[in-house]
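Contents: one structure, followed by commentary.
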Amino acid sequence: MPENGFPSDDHLCERCGYALRGLSSDQSCPECGNGVGESDPALRTGLAWQNRISPIAWLATCWAIVARPTRSYRRLRIGDDRGRRRDRCFLAIWALLIGLTWGLSRLDRGWEMAIDWGLGAAFGVVFLTYIEAFGVAYFSRKRGWRVPWPLAERVACYAAIGWVPAAIILWKLNDLILDGSIKHWWPQQLGPWTLRTEVLVLTLAGGIGILWFETLVWLGVRQVRYANQPA
């Protein structure tokens with residue numbers, strides 16, 4: 001066994017969940033063939049934002065999550081409860097940016113509407129992110145995955161950049177609804193444009209927009225569901 005104690009009795013293959021006890025780090029997992037050394041918790045060096053709070057680290061983390069989500073979540077540091085403030089800060093920045101964008105887009109309709117829209121958008125991002133985190137923690141417990149609440153929260157917070165498509169789609173769609181232009185090209189074969197139709201269209205558009213966020217969360221869960229805690 002290596003001097004760092006990896007693998008030990010509670011270490012699993014991070015690809016398939018096979019127990020690695022009795023194997024050395026230079027062997028392969030008997031179940032999936034993945035190298036045992038690739039499940040070493042020492043490889044989870046953390047995202048740039050986990051290691052340093054700065055504008056450059058924030059941009060680097062955003063780019064990593066978008067361009068290489070699987071690799072990024074494979075590097076996600078876990079078991080560090082002190083880092084949860086940074087996770088929440090990452091989410092808060094995205095909620096603030098989306099809220100500001102929505103608010104500024106309504107300035108032509110008055111400050112009151114701009115503030116309402118901005119706060120509503122920011123609150124919606126945070127609220128729905130935590131709903132997702134609760135769902136991840138619940139289903140992980142049911143399936144026997146190693147994704148307790150703190151880790152589920154971390155995965156969801158770093159997937160917050162996935163709210164951008166939903167925010168843009170709903171923003172533009174609301175513009176079309178508010179200025180009445182959507183009624184002019186709405187196919188009459190689908191029936192008249194009513195409040196019920198408006199709600200259904202907004203719900204459908206939001207569901208489509210949320211797919212990127214959901215995808216990032218799922219990719220993250222797949223990379224941490226058998227994650228090994230550092231020594």
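Naming scheme: A, B, ... for chains in displayed order of the structure tokens; residues 1 onward per chain; ligands 1 onward as shown.
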
If DSSP is run on the backbone, what residues of range 1-213 of chain A are helix (DSSP H, G or I)? A reply as number ranges by chain would be ideal.
A: 36-39, 41-43, 48-51, 55-67, 69-75, 81-104, 107-109, 111-143, 149-158, 160-178, 181-185, 188-190, 195-209, 211-213

Give one line per residue of range 48-120 of chain A that approaches range 17-40 of chain A to at most 12 Å, naming the two atoms of the closest pair and their distance in Å to one decimal, counting only C-alpha atoms; sort by chain then ascending residue number and deliver it as CSV.
```
residue,atom,partner,partner_atom,distance
A:Arg74,CA,A:Ser39,CA,9.6
A:Arg75,CA,A:Ser39,CA,10.8
A:Arg77,CA,A:Asp40,CA,11.9
```

Could you name the residues that touch Leu202 in chain A at 9 Å or less, counting only C-alpha atoms, but leaving out those on the same chain fewer than 5 positions away, as a PyMOL selection string?
chain A and resi 170+173-174+197+207

At a cut-off of 12 Å, can you tabulate as JSON lines every residue of range 163-192 of chain A near range 105-127 of chain A together with its closest atom pair and the distance in Å to one decimal, using only C-alpha atoms and ordering rows by chain then number?
```
{"residue": "A:Trp163", "atom": "CA", "partner": "A:Val125", "partner_atom": "CA", "distance": 7.2}
{"residue": "A:Val164", "atom": "CA", "partner": "A:Val125", "partner_atom": "CA", "distance": 9.8}
{"residue": "A:Ala166", "atom": "CA", "partner": "A:Val125", "partner_atom": "CA", "distance": 9.9}
{"residue": "A:Ala167", "atom": "CA", "partner": "A:Ala121", "partner_atom": "CA", "distance": 8.0}
{"residue": "A:Ile168", "atom": "CA", "partner": "A:Ser105", "partner_atom": "CA", "distance": 11.1}
{"residue": "A:Leu170", "atom": "CA", "partner": "A:Ala121", "partner_atom": "CA", "distance": 10.2}
{"residue": "A:Trp171", "atom": "CA", "partner": "A:Ser105", "partner_atom": "CA", "distance": 8.4}
{"residue": "A:Lys172", "atom": "CA", "partner": "A:Ser105", "partner_atom": "CA", "distance": 9.9}
{"residue": "A:Asn174", "atom": "CA", "partner": "A:Arg106", "partner_atom": "CA", "distance": 10.5}
{"residue": "A:Asp175", "atom": "CA", "partner": "A:Ser105", "partner_atom": "CA", "distance": 9.1}
{"residue": "A:Leu178", "atom": "CA", "partner": "A:Arg109", "partner_atom": "CA", "distance": 10.5}
{"residue": "A:Asp179", "atom": "CA", "partner": "A:Arg109", "partner_atom": "CA", "distance": 11.2}
```

For the residues selected in the previous step, produce a file with C-alpha atoms as an mmCIF file, in the first residue's frame.
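Contents of the output file result07.cif:
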```cif
data_model
loop_
_atom_site.group_PDB
_atom_site.id
_atom_site.type_symbol
_atom_site.label_atom_id
_atom_site.label_comp_id
_atom_site.auth_asym_id
_atom_site.auth_seq_id
_atom_site.Cartn_x
_atom_site.Cartn_y
_atom_site.Cartn_z
ATOM 1 C CA TRP A 163 -28.772 29.568 -15.776
ATOM 2 C CA VAL A 164 -27.585 31.967 -18.468
ATOM 3 C CA ALA A 166 -32.758 30.278 -19.343
ATOM 4 C CA ALA A 167 -32.289 33.901 -18.299
ATOM 5 C CA ILE A 168 -31.743 35.048 -21.890
ATOM 6 C CA LEU A 170 -37.120 34.234 -20.685
ATOM 7 C CA TRP A 171 -35.851 37.813 -20.919
ATOM 8 C CA LYS A 172 -36.375 37.987 -24.676
ATOM 9 C CA ASN A 174 -40.979 38.548 -21.880
ATOM 10 C CA ASP A 175 -39.963 41.466 -24.103
ATOM 11 C CA LEU A 178 -44.840 42.970 -22.959
ATOM 12 C CA ASP A 179 -44.664 44.872 -26.237
#
```

Let me make sure I understand: among A:Ala64, A:Phe6, A:Thr70, A:Tyr138, which one has the smallest atom-to-atom distance to Ala42 in chain A if we use only C-alpha atoms?
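Answer, going by the shortest atom-to-atom distance: A:Phe6.
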
What separation in Å, quoted to one decimal, exists between CA of Ala48 in chain A and CA of Thr61 in chain A?
5.6 Å
